[in-house]
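Since the structure comes first, as structure tokens, the remarks are kept for the end.
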Number of protein chains: 2
Amino acid sequence: MNWKTVLTVYVKTIVESLYQAGVRDAVISPGSRSTPLAYLFAEHPDIQTHVVIDERSAAFFAMGMAKKSSHPVVLLCTSGSAAANYYPAIVEAKYARVPLIALTADRPHELREVGAPQAIDQTHLYGKHVKWFVDLPQPSNQSNTISYLRQTCYKAFDLSQQFPKGPVHLNVPLPEPLIPELPVEFSKDQSRNSSGIGRTFPTSSMVRELSSLLNSNQNGLIIVGEIADEKAADWIVDLSETYQLPILADPLSQLRSNGDSPIQTLIDAYDTFLRFKEVQNEVRPDFVIRFGSMPVSKFLCQFMEELESIRFIVIDEGGHRDPIHKATDTWAVNESLLIKEVLQDRPTPQKPGKWAKKWLHYNQQTRMLIEEKSPLLKWNEGKAVHTILNYLPDQSLLYVGNSMPIRDVDTFLSKQPKRVHVLANRGTNGIDGVVSSALGASAKNTSNYLLIGDLSFYHDLNGLLISQMEGIDITIFVLNNNGGGIFSFLPQSNEPYHFEKLFGTPANLTFEHAVQMYKGFYTKVINEAELEEALKSLYTKQGLKVVEIMTNREENVVIHRELWNFVSREMMGNE
Amino acid sequence: MNWKTVLTVYVKTIVESLYQAGVRDAVISPGSRSTPLAYLFAEHPDIQTHVVIDERSAAFFAMGMAKKSSHPVVLLCTSGSAAANYYPAIVEAKYARVPLIALTADRPHELREVGAPQAIDQTHLYGKHVKWFVDLPQPSNQSNTISYLRQTCYKAFDLSQQFPKGPVHLNVPLPEPLIPELPVEFSKDQSRNSSGIGRTFPTSSMVRELSSLLNSNQNGLIIVGEIADEKAADWIVDLSETYQLPILADPLSQLRSNGDSPIQTLIDAYDTFLRFKEVQNEVRPDFVIRFGSMPVSKFLCQFMEELESIRFIVIDEGGHRDPIHKATDTWAVNESLLIKEVLQDRPTPQKPGKWAKKWLHYNQQTRMLIEEKSPLLKWNEGKAVHTILNYLPDQSLLYVGNSMPIRDVDTFLSKQPKRVHVLANRGTNGIDGVVSSALGASAKNTSNYLLIGDLSFYHDLNGLLISQMEGIDITIFVLNNNGGGIFSFLPQSNEPYHFEKLFGTPANLTFEHAVQMYKGFYTKVINEAELEEALKSLYTKQGLKVVEIMTNREENVVIHRELWNFVSREMMGNE
């Protein structure tokens, strides 16, 4: 067999096996060393290839796509620092539990660590942040190699899918010449023999423990963050309504915006009313059942942290997440299966008791007071977010940037009849890669929105090119307060030293030029009326639309505090 | 001692010790967890702080600064994915042997791997790509901790400076609250007790071996890449002139543009004439002495690779770099010290013999033919580079992008009387981070230029913000051929499949908007006359200046080949 055939069989096996395992999308960054793999992905009739030039954006784009679909996406880049640019998204994927398969082309072993150009040590490049690393053998025509490749690709796919989901890394050493035989005929055999990942069944003691706790007539609380198992949310609501346990639902739990009819026991305003010690003292539970990731709300976290000597069960199929060290029980088990077992005997649903009513009272009051006060407040970011949340059409995707936007969404997103899929990069809470992540999640979706701060938008401006090259329709709301707005909410804002230089970092950026560069539609708004106007005009536009919302960093803090103070005053007065 | 005092003493010790060790610059990205360190760097009267928002750019900026000065620069960022963004520049720094000290703020141990926000496993984050990693202890008031911190900072500085120079990583766990006592009074004691890195002296057998080879009257060749020891270049010239050995000087050796009088034995056009087998056959050496990094020229590398059974000595203080596996001897020794020993007895300089004359003949011929043909060629990138090289003022800094620009500089940079410091990211040859690297090298320099391709410029557009925030004067020449120009020189350009999508990647970008966004001065040129006009007008501008040079990818290839064919034809005919 000549070299070209050997090379072709080798890379074809990789691409075909990944397809058979289930891969349908590959995000490719241009490069020389990855040439044969890039060709074969492009040749495959049923794998969609997406070319993204900046590898950092490429990886976040793949991450967003995999996050939205819960399905592994392939990344491919050339050797050298290109692969290092994947790192931020790899890390996010690990902690957000998103399946990714990173393929990095490499120089063959003979060119490693000997001063060769564009060659770095790519073995274990992502360290502890991938679930599996394999340095593949060089292309050869041994049948053993081919079987091994197939097995390894299947395993990589499966491992990325196994709970907790996450990234895996295959390093592919490719000697020159790098041109395969083209065109390529792929096997008609579309799938491997059946394979899959089992779910984690509860033990009988888990079921017993939980049932007995639920039937103990104590005051319990359910807290729900982001959960990998989409079906879990329905089960949790069922559990909550059956036992009349309030559900504190994080925006990423999707419960606030799942489009279903009202959830009797849903609490969505806790981030506001748990700021007040008086309320906290009224609503302390006897036990807590927490599902999924930690909620966004800092005040909820502090509230949980201060609970002493209570039963605190963390149920999370992907395993231990409990930064407040409160869990008395940690169960790595499929949430749906556990609740299904517990509800098997269909206990008669309880009527709302004093406990649930108390929570619902504070929740309703808070929502009412926010709605009452908001229109009277001066223009600020909270108001803009409030307006945008009201505007979002049914069946939308809303990607939310970190730092202030996700917090404002937590404050203003109340349970509503329309379905809005809310996503955010909460694995590492970074401000990096958010534009690309949102575009990845939007790639196969209509009605896409991103809400993001100015520093985060700047950080991933390169991502905008993807919307143009991939023809993705998205509306981006940029909250521009000229710098790091969150720092004005932190203690350093009270210090006279170096604040603007180190934290405020006013870069005096506006983004009209950036949007024009990427041929998008741009509007700048400086008040409520202009925002409403802009929202109306967006319906008719296609492609990339950016609404830059100018606000004032200092005023944002003052007005947020004014709102909370108002709620506090009114609520305590009413008691 | 209260917490605020403990925290302050802890971070002050770190900053003060790094200063005492020799740190004078810190590149800081805004973040919360790094707050106390950021404050203390800003407080230090003799450390210059540079705030760069995008951590990827920040790290390349620090890398460029450290590369230019050969002096360690500190990087500081917050916890989480921020630190992962340093990776591409860390990898470049490792392979380019540039000293960096990365400080990553971390959550305290209690918040690691327990699902805490913005917390990732930062231990060994950069794997094998840093020379040293230390996870510091948490702040405490034990005197032992303070002594240990000081020792560790000194050691980190020294290790980054030891050959081969490179990056080190200190991870700093910081519990809340994060505000230190301000202002801070730093110790008057400005420096630690004397400390330093010794040089690597040659063994007597190295001196003996080299002397005997040089005096053997065989035909020897000296090849020089980038060398860490700045003084080495002079010694190598001395060696070459004494023994009449041709020096093949890479653009990064600085020998072509060191501002000195002509070097009798310098060969700077080998990348062109070593393309021709006939010439190769005429100039094969009996031995080779290679210094520093591998040269840029692919044809020189191939020429070396085909040399059989000759003595091939690689002299490189930082150790083994020999991707062609040709070295018969590899000496990790200080280049200057070795040559000084060899020339100690001051052998009488030889007269140019047949061997040196033959090399010089091809070199002069090639330069003459290039100069003769160039004006007759159609507009293309080579011509633009040629014009720019002629234009550069004395005492300039020229940062060169990878892919085609560095190759064109190799072709067109001939020995000249002006001093132009030529730098490039040749550790990993990436197209990432080049704008920021160039700005780092330019930060304390006047007369700064960057020559870069469109994809590479796009990749690090975020870097442009640094020129604005730091007030750096730079002229950037963007060679815009709408995509990956280098691929048109590679075999895939002959394949009919997927070329534009996978390799050409025409993003149809032009950069006027980007430059305006960062308040720079922009000119677009589409031919020689416009380029000359633009060059004239640049003298009067300050700040960021971008000249976008529009060329055609396909024509670039055709015209480059036309030039080489012309030289080949004329040269072979002349023989």
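Please note that chains go A, B, ... in the order of the structure tokens, that every chain numbers its residues from 1, and that ligands are numbered from 1 in the order shown.
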
Taking only C-alpha atoms into account, produce a table as JSON lines in which each residue of chain B with an atom at most 6 Å from an atom of chain A appears once, together with its shortest atom pair and the distance in Å to one decimal, ordered by chain and rising number.
```
{"residue": "B:Pro30", "atom": "CA", "partner": "A:Phe503", "partner_atom": "CA", "distance": 5.5}
{"residue": "B:Asp54", "atom": "CA", "partner": "A:His459", "partner_atom": "CA", "distance": 5.6}
{"residue": "B:Gly80", "atom": "CA", "partner": "A:Thr428", "partner_atom": "CA", "distance": 5.6}
{"residue": "B:Ser81", "atom": "CA", "partner": "A:Pro88", "partner_atom": "CA", "distance": 5.2}
{"residue": "B:Ala84", "atom": "CA", "partner": "A:Pro88", "partner_atom": "CA", "distance": 5.0}
{"residue": "B:Asn85", "atom": "CA", "partner": "A:Pro88", "partner_atom": "CA", "distance": 5.8}
{"residue": "B:Tyr87", "atom": "CA", "partner": "A:Ala84", "partner_atom": "CA", "distance": 5.7}
{"residue": "B:Pro88", "atom": "CA", "partner": "A:Ala84", "partner_atom": "CA", "distance": 5.0}
{"residue": "B:Leu111", "atom": "CA", "partner": "A:Pro323", "partner_atom": "CA", "distance": 5.7}
{"residue": "B:Val114", "atom": "CA", "partner": "A:Pro323", "partner_atom": "CA", "distance": 4.8}
{"residue": "B:Gly115", "atom": "CA", "partner": "A:Arg321", "partner_atom": "CA", "distance": 4.2}
{"residue": "B:Ala116", "atom": "CA", "partner": "A:Pro323", "partner_atom": "CA", "distance": 4.8}
{"residue": "B:Gln118", "atom": "CA", "partner": "A:Thr428", "partner_atom": "CA", "distance": 4.3}
{"residue": "B:Arg321", "atom": "CA", "partner": "A:Gly115", "partner_atom": "CA", "distance": 4.2}
{"residue": "B:Asp322", "atom": "CA", "partner": "A:Val114", "partner_atom": "CA", "distance": 5.2}
{"residue": "B:Pro323", "atom": "CA", "partner": "A:Val114", "partner_atom": "CA", "distance": 4.8}
{"residue": "B:Thr428", "atom": "CA", "partner": "A:Gln118", "partner_atom": "CA", "distance": 4.3}
{"residue": "B:Asn429", "atom": "CA", "partner": "A:Gln118", "partner_atom": "CA", "distance": 5.1}
{"residue": "B:Gly430", "atom": "CA", "partner": "A:Ser81", "partner_atom": "CA", "distance": 5.8}
{"residue": "B:His459", "atom": "CA", "partner": "A:Asp54", "partner_atom": "CA", "distance": 5.6}
{"residue": "B:Leu502", "atom": "CA", "partner": "A:Pro30", "partner_atom": "CA", "distance": 5.9}
{"residue": "B:Phe503", "atom": "CA", "partner": "A:Pro30", "partner_atom": "CA", "distance": 5.5}
{"residue": "B:His513", "atom": "CA", "partner": "A:His513", "partner_atom": "CA", "distance": 4.9}
{"residue": "B:Met517", "atom": "CA", "partner": "A:His513", "partner_atom": "CA", "distance": 5.6}
```

Generate a file of the selected residues that holds C-alpha atoms, formatted as an mmCIF file, in the first residue's frame.
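part.cif was written with the following content:
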```cif
data_model
loop_
_atom_site.group_PDB
_atom_site.id
_atom_site.type_symbol
_atom_site.label_atom_id
_atom_site.label_comp_id
_atom_site.auth_asym_id
_atom_site.auth_seq_id
_atom_site.Cartn_x
_atom_site.Cartn_y
_atom_site.Cartn_z
ATOM 1 C CA PRO B 30 -9.006 42.874 35.670
ATOM 2 C CA ASP B 54 -8.261 40.022 27.224
ATOM 3 C CA GLY B 80 -11.023 30.329 36.321
ATOM 4 C CA SER B 81 -10.880 30.329 32.550
ATOM 5 C CA ALA B 84 -6.507 29.218 30.616
ATOM 6 C CA ASN B 85 -6.351 32.132 28.174
ATOM 7 C CA TYR B 87 -1.894 29.128 27.559
ATOM 8 C CA PRO B 88 -1.070 30.036 23.933
ATOM 9 C CA LEU B 111 -13.424 25.916 47.141
ATOM 10 C CA VAL B 114 -16.519 21.315 44.894
ATOM 11 C CA GLY B 115 -18.592 23.135 42.280
ATOM 12 C CA ALA B 116 -17.673 26.660 43.351
ATOM 13 C CA GLN B 118 -15.173 30.555 38.745
ATOM 14 C CA ARG B 321 17.110 21.864 18.923
ATOM 15 C CA ASP B 322 17.706 19.698 15.891
ATOM 16 C CA PRO B 323 14.525 18.607 14.136
ATOM 17 C CA THR B 428 5.522 27.695 17.974
ATOM 18 C CA ASN B 429 5.169 29.714 14.734
ATOM 19 C CA GLY B 430 1.562 30.535 15.581
ATOM 20 C CA HIS B 459 -6.821 36.484 15.130
ATOM 21 C CA LEU B 502 -10.901 24.553 4.368
ATOM 22 C CA PHE B 503 -7.707 26.416 3.535
ATOM 23 C CA HIS B 513 -13.614 49.575 10.905
ATOM 24 C CA MET B 517 -12.850 51.343 16.625
#
```

Problem set entry | Distance query Leu255 in chain A at most 8 Å, only C-alpha atoms, self and fewer than 6 positions along chain excluded, as a PyMOL selection string | chain A and resi 233+249+415

How would the residues just chosen look if you wrote them out with all heavy atoms as an mmCIF file, in the first residue's frame?
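Wrote out.cif, looks like this:
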```
data_model
loop_
_atom_site.group_PDB
_atom_site.id
_atom_site.type_symbol
_atom_site.label_atom_id
_atom_site.label_comp_id
_atom_site.auth_asym_id
_atom_site.auth_seq_id
_atom_site.Cartn_x
_atom_site.Cartn_y
_atom_site.Cartn_z
ATOM 1 N N ALA A 233 -36.604 18.037 35.226
ATOM 2 C CA ALA A 233 -37.364 19.204 35.682
ATOM 3 C C ALA A 233 -38.822 18.843 35.960
ATOM 4 O O ALA A 233 -39.380 19.208 37.002
ATOM 5 C CB ALA A 233 -37.252 20.319 34.658
ATOM 6 N N ALA A 249 -36.086 28.028 41.944
ATOM 7 C CA ALA A 249 -35.649 27.627 40.602
ATOM 8 C C ALA A 249 -34.704 28.652 40.010
ATOM 9 O O ALA A 249 -35.079 29.791 39.740
ATOM 10 C CB ALA A 249 -36.855 27.433 39.696
ATOM 11 N N LYS A 415 -41.484 33.572 36.424
ATOM 12 C CA LYS A 415 -42.207 32.478 35.759
ATOM 13 C C LYS A 415 -43.144 33.052 34.715
ATOM 14 O O LYS A 415 -43.915 33.973 35.004
ATOM 15 C CB LYS A 415 -42.989 31.693 36.814
ATOM 16 C CG LYS A 415 -43.867 30.568 36.248
ATOM 17 C CD LYS A 415 -43.040 29.410 35.706
ATOM 18 C CE LYS A 415 -43.951 28.340 35.106
ATOM 19 N NZ LYS A 415 -43.658 28.073 33.682
#
```

Problem set entry | Per-residue DSSP, range 175-273 of chain B, filtered to alpha helix (DSSP H), as a ChimeraX atom specification | /B:204-214,232-243,270-273

Within 7 Å of Val435 in chain B using only C-alpha atoms, minus same-chain residues under 3 positions, as an mmCIF file with all heavy atoms, in the first residue's frame:
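Output saved as result05.cif:
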```cif
data_model
loop_
_atom_site.group_PDB
_atom_site.id
_atom_site.type_symbol
_atom_site.label_atom_id
_atom_site.label_comp_id
_atom_site.auth_asym_id
_atom_site.auth_seq_id
_atom_site.Cartn_x
_atom_site.Cartn_y
_atom_site.Cartn_z
ATOM 1 N N ALA B 438 3.785 42.080 19.401
ATOM 2 C CA ALA B 438 4.484 43.217 18.799
ATOM 3 C C ALA B 438 4.328 44.455 19.678
ATOM 4 O O ALA B 438 5.280 45.218 19.870
ATOM 5 C CB ALA B 438 3.940 43.489 17.404
ATOM 6 N N LEU B 439 3.144 44.639 20.231
ATOM 7 C CA LEU B 439 2.927 45.801 21.096
ATOM 8 C C LEU B 439 3.749 45.675 22.381
ATOM 9 O O LEU B 439 4.262 46.667 22.898
ATOM 10 C CB LEU B 439 1.437 45.962 21.407
ATOM 11 C CG LEU B 439 0.638 46.515 20.224
ATOM 12 C CD1 LEU B 439 -0.861 46.292 20.423
ATOM 13 C CD2 LEU B 439 0.924 48.002 20.016
ATOM 14 N N PHE B 457 -3.720 38.934 11.720
ATOM 15 C CA PHE B 457 -4.170 40.225 12.249
ATOM 16 C C PHE B 457 -5.569 40.072 12.846
ATOM 17 O O PHE B 457 -5.839 40.506 13.971
ATOM 18 C CB PHE B 457 -4.173 41.261 11.121
ATOM 19 C CG PHE B 457 -4.445 42.674 11.574
ATOM 20 C CD1 PHE B 457 -3.660 43.289 12.534
ATOM 21 C CD2 PHE B 457 -5.480 43.413 10.999
ATOM 22 C CE1 PHE B 457 -3.903 44.604 12.932
ATOM 23 C CE2 PHE B 457 -5.727 44.722 11.393
ATOM 24 C CZ PHE B 457 -4.931 45.315 12.365
ATOM 25 N N ASP B 460 -5.845 38.343 16.329
ATOM 26 C CA ASP B 460 -5.488 39.103 17.542
ATOM 27 C C ASP B 460 -5.906 40.568 17.425
ATOM 28 O O ASP B 460 -5.238 41.456 17.937
ATOM 29 C CB ASP B 460 -3.982 38.981 17.797
ATOM 30 C CG ASP B 460 -3.577 39.511 19.163
ATOM 31 O OD1 ASP B 460 -4.445 39.569 20.068
ATOM 32 O OD2 ASP B 460 -2.393 39.875 19.325
ATOM 33 N N GLY B 463 -5.897 42.723 20.426
ATOM 34 C CA GLY B 463 -4.637 43.323 20.871
ATOM 35 C C GLY B 463 -4.559 44.814 20.581
ATOM 36 O O GLY B 463 -3.857 45.551 21.276
ATOM 37 N N LEU B 464 -5.278 45.272 19.569
ATOM 38 C CA LEU B 464 -5.193 46.692 19.190
ATOM 39 C C LEU B 464 -5.590 47.619 20.333
ATOM 40 O O LEU B 464 -5.102 48.749 20.425
ATOM 41 C CB LEU B 464 -6.086 46.979 17.975
ATOM 42 C CG LEU B 464 -5.652 46.350 16.650
ATOM 43 C CD1 LEU B 464 -6.628 46.748 15.550
ATOM 44 C CD2 LEU B 464 -4.238 46.755 16.271
#
```

Problem set entry | Pairwise distance for CA of Gln138 in chain A and CA of Thr78 in chain A, rounded to one decimal in Å | 15.6 Å

For this session: Give me the residues within 6 Å of Leu398 in chain A as a ChimeraX atom specification, counting only C-alpha atoms and dropping any in the same chain fewer than 2 places off.
Result: /A:421-422,449-450

Seminar exercise, completed: Closest of B:Lys68, B:Leu170, B:Leu100, B:Ile263 to Glu230 in chain B, counting only C-alpha atoms, is B:Lys68

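Close contacts of Lys357 in chain B, defined as residues with an atom at most 12 Å away when counting only C-alpha atoms, with chain neighbours fewer than 6 positions off set aside, comprise Asn219, Gln244, Leu245, Pro246, Gln264, Thr265, Leu266, Ile267, Glu282, Val283, Lys351, Asn363, Gln364 and Gln365 of chain B.
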
Problem set entry | Who sits within 12 Å of Glu548 in chain A, only C-alpha atoms, same chain under 4 positions skipped, as a PyMOL selection string | chain A and resi 381+384+450-454+457+475-482+509-515+521-527+530-531+534-535

For this session: Within 9 Å of Ser396 in chain B, counting only C-alpha atoms, which residues show up once you throw out same-chain ones fewer than 4 positions away? Write them as a ChimeraX atom specification, please.
Result: /B:392,418-422,445-449

Quick one: write out the picked residues with all heavy atoms as a short mmCIF file (atom, residue, chain, number, x, y, z; two decimals), in the first residue's frame?
```
data_model
loop_
_atom_site.label_atom_id
_atom_site.label_comp_id
_atom_site.auth_asym_id
_atom_site.auth_seq_id
_atom_site.Cartn_x
_atom_site.Cartn_y
_atom_site.Cartn_z
N LEU B 392 12.03 51.10 6.14
CA LEU B 392 12.20 51.13 7.62
C LEU B 392 13.36 52.02 8.04
O LEU B 392 14.47 51.87 7.54
CB LEU B 392 12.46 49.71 8.15
CG LEU B 392 11.30 48.71 8.07
CD1 LEU B 392 11.74 47.37 8.65
CD2 LEU B 392 10.09 49.24 8.81
N LYS B 418 21.55 49.86 8.13
CA LYS B 418 20.75 50.34 9.25
C LYS B 418 20.46 49.22 10.23
O LYS B 418 20.45 48.04 9.87
CB LYS B 418 19.46 51.01 8.76
CG LYS B 418 18.62 50.14 7.89
CD LYS B 418 17.48 50.94 7.22
CE LYS B 418 16.61 49.95 6.44
NZ LYS B 418 15.62 50.58 5.61
N ARG B 419 20.17 49.63 11.46
CA ARG B 419 19.87 48.62 12.48
C ARG B 419 18.35 48.44 12.55
O ARG B 419 17.61 49.37 12.85
CB ARG B 419 20.41 49.06 13.83
CG ARG B 419 20.03 48.09 14.92
CD ARG B 419 20.79 48.25 16.23
NE ARG B 419 20.07 47.56 17.30
CZ ARG B 419 20.06 46.24 17.47
NH1 ARG B 419 20.74 45.45 16.65
NH2 ARG B 419 19.36 45.69 18.46
N VAL B 420 17.91 47.22 12.26
CA VAL B 420 16.50 46.88 12.41
C VAL B 420 16.44 45.62 13.26
O VAL B 420 16.99 44.58 12.90
CB VAL B 420 15.83 46.62 11.04
CG1 VAL B 420 14.38 46.20 11.23
CG2 VAL B 420 15.92 47.85 10.15
N HIS B 421 15.80 45.75 14.42
CA HIS B 421 15.68 44.58 15.30
C HIS B 421 14.50 43.74 14.81
O HIS B 421 13.35 44.19 14.89
CB HIS B 421 15.48 45.06 16.74
CG HIS B 421 15.70 44.00 17.76
ND1 HIS B 421 15.87 44.27 19.09
CD2 HIS B 421 15.79 42.66 17.65
CE1 HIS B 421 16.04 43.13 19.75
NE2 HIS B 421 15.99 42.14 18.90
N VAL B 422 14.77 42.56 14.30
CA VAL B 422 13.72 41.72 13.72
C VAL B 422 13.30 40.64 14.73
O VAL B 422 14.13 39.85 15.18
CB VAL B 422 14.20 41.04 12.42
CG1 VAL B 422 13.06 40.25 11.78
CG2 VAL B 422 14.75 42.08 11.44
N ASN B 445 9.78 51.28 23.38
CA ASN B 445 10.64 51.46 22.22
C ASN B 445 10.01 52.52 21.33
O ASN B 445 8.80 52.72 21.36
CB ASN B 445 10.69 50.11 21.47
CG ASN B 445 11.85 50.00 20.53
OD1 ASN B 445 12.99 50.10 20.95
ND2 ASN B 445 11.55 49.83 19.25
N THR B 446 10.82 53.17 20.54
CA THR B 446 10.24 54.06 19.54
C THR B 446 10.49 53.42 18.18
O THR B 446 11.30 52.51 18.06
CB THR B 446 10.90 55.45 19.57
OG1 THR B 446 12.31 55.25 19.57
CG2 THR B 446 10.48 56.21 20.81
N SER B 447 9.79 53.87 17.18
CA SER B 447 9.96 53.36 15.81
C SER B 447 9.64 51.86 15.73
O SER B 447 10.53 51.03 15.57
CB SER B 447 11.39 53.65 15.33
OG SER B 447 11.46 53.49 13.93
N ASN B 448 8.37 51.57 15.84
CA ASN B 448 7.93 50.17 15.89
C ASN B 448 7.09 49.80 14.67
O ASN B 448 6.21 50.56 14.28
CB ASN B 448 7.08 49.95 17.15
CG ASN B 448 7.81 50.35 18.40
OD1 ASN B 448 8.93 49.89 18.64
ND2 ASN B 448 7.22 51.24 19.18
N TYR B 449 7.35 48.63 14.13
CA TYR B 449 6.63 48.17 12.95
C TYR B 449 6.23 46.71 13.11
O TYR B 449 6.95 45.92 13.71
CB TYR B 449 7.50 48.33 11.70
CG TYR B 449 7.84 49.78 11.46
CD1 TYR B 449 8.94 50.36 12.09
CD2 TYR B 449 7.03 50.57 10.66
CE1 TYR B 449 9.22 51.71 11.92
CE2 TYR B 449 7.31 51.92 10.47
CZ TYR B 449 8.41 52.48 11.11
OH TYR B 449 8.67 53.81 10.95
#
```

Exercise. Could you pull out all residues of range 286-485 of chain A with a DSSP call of strand (DSSP E or B) and give them as a ChimeraX atom specification?
Worked result: /A:287-291,311-315,329-331,396-400,419-424,448-453,474-480

For this session: May I ask which of the residues B:Thr152, B:Asn556, B:Ser17, B:Thr203 is the closest one to Ala332 in chain B, counting only C-alpha atoms?
Result: B:Thr203

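Taking CA of Arg290 in chain A and CA of Ser160 in chain A as the two end points, the separation is 24.8 Å.
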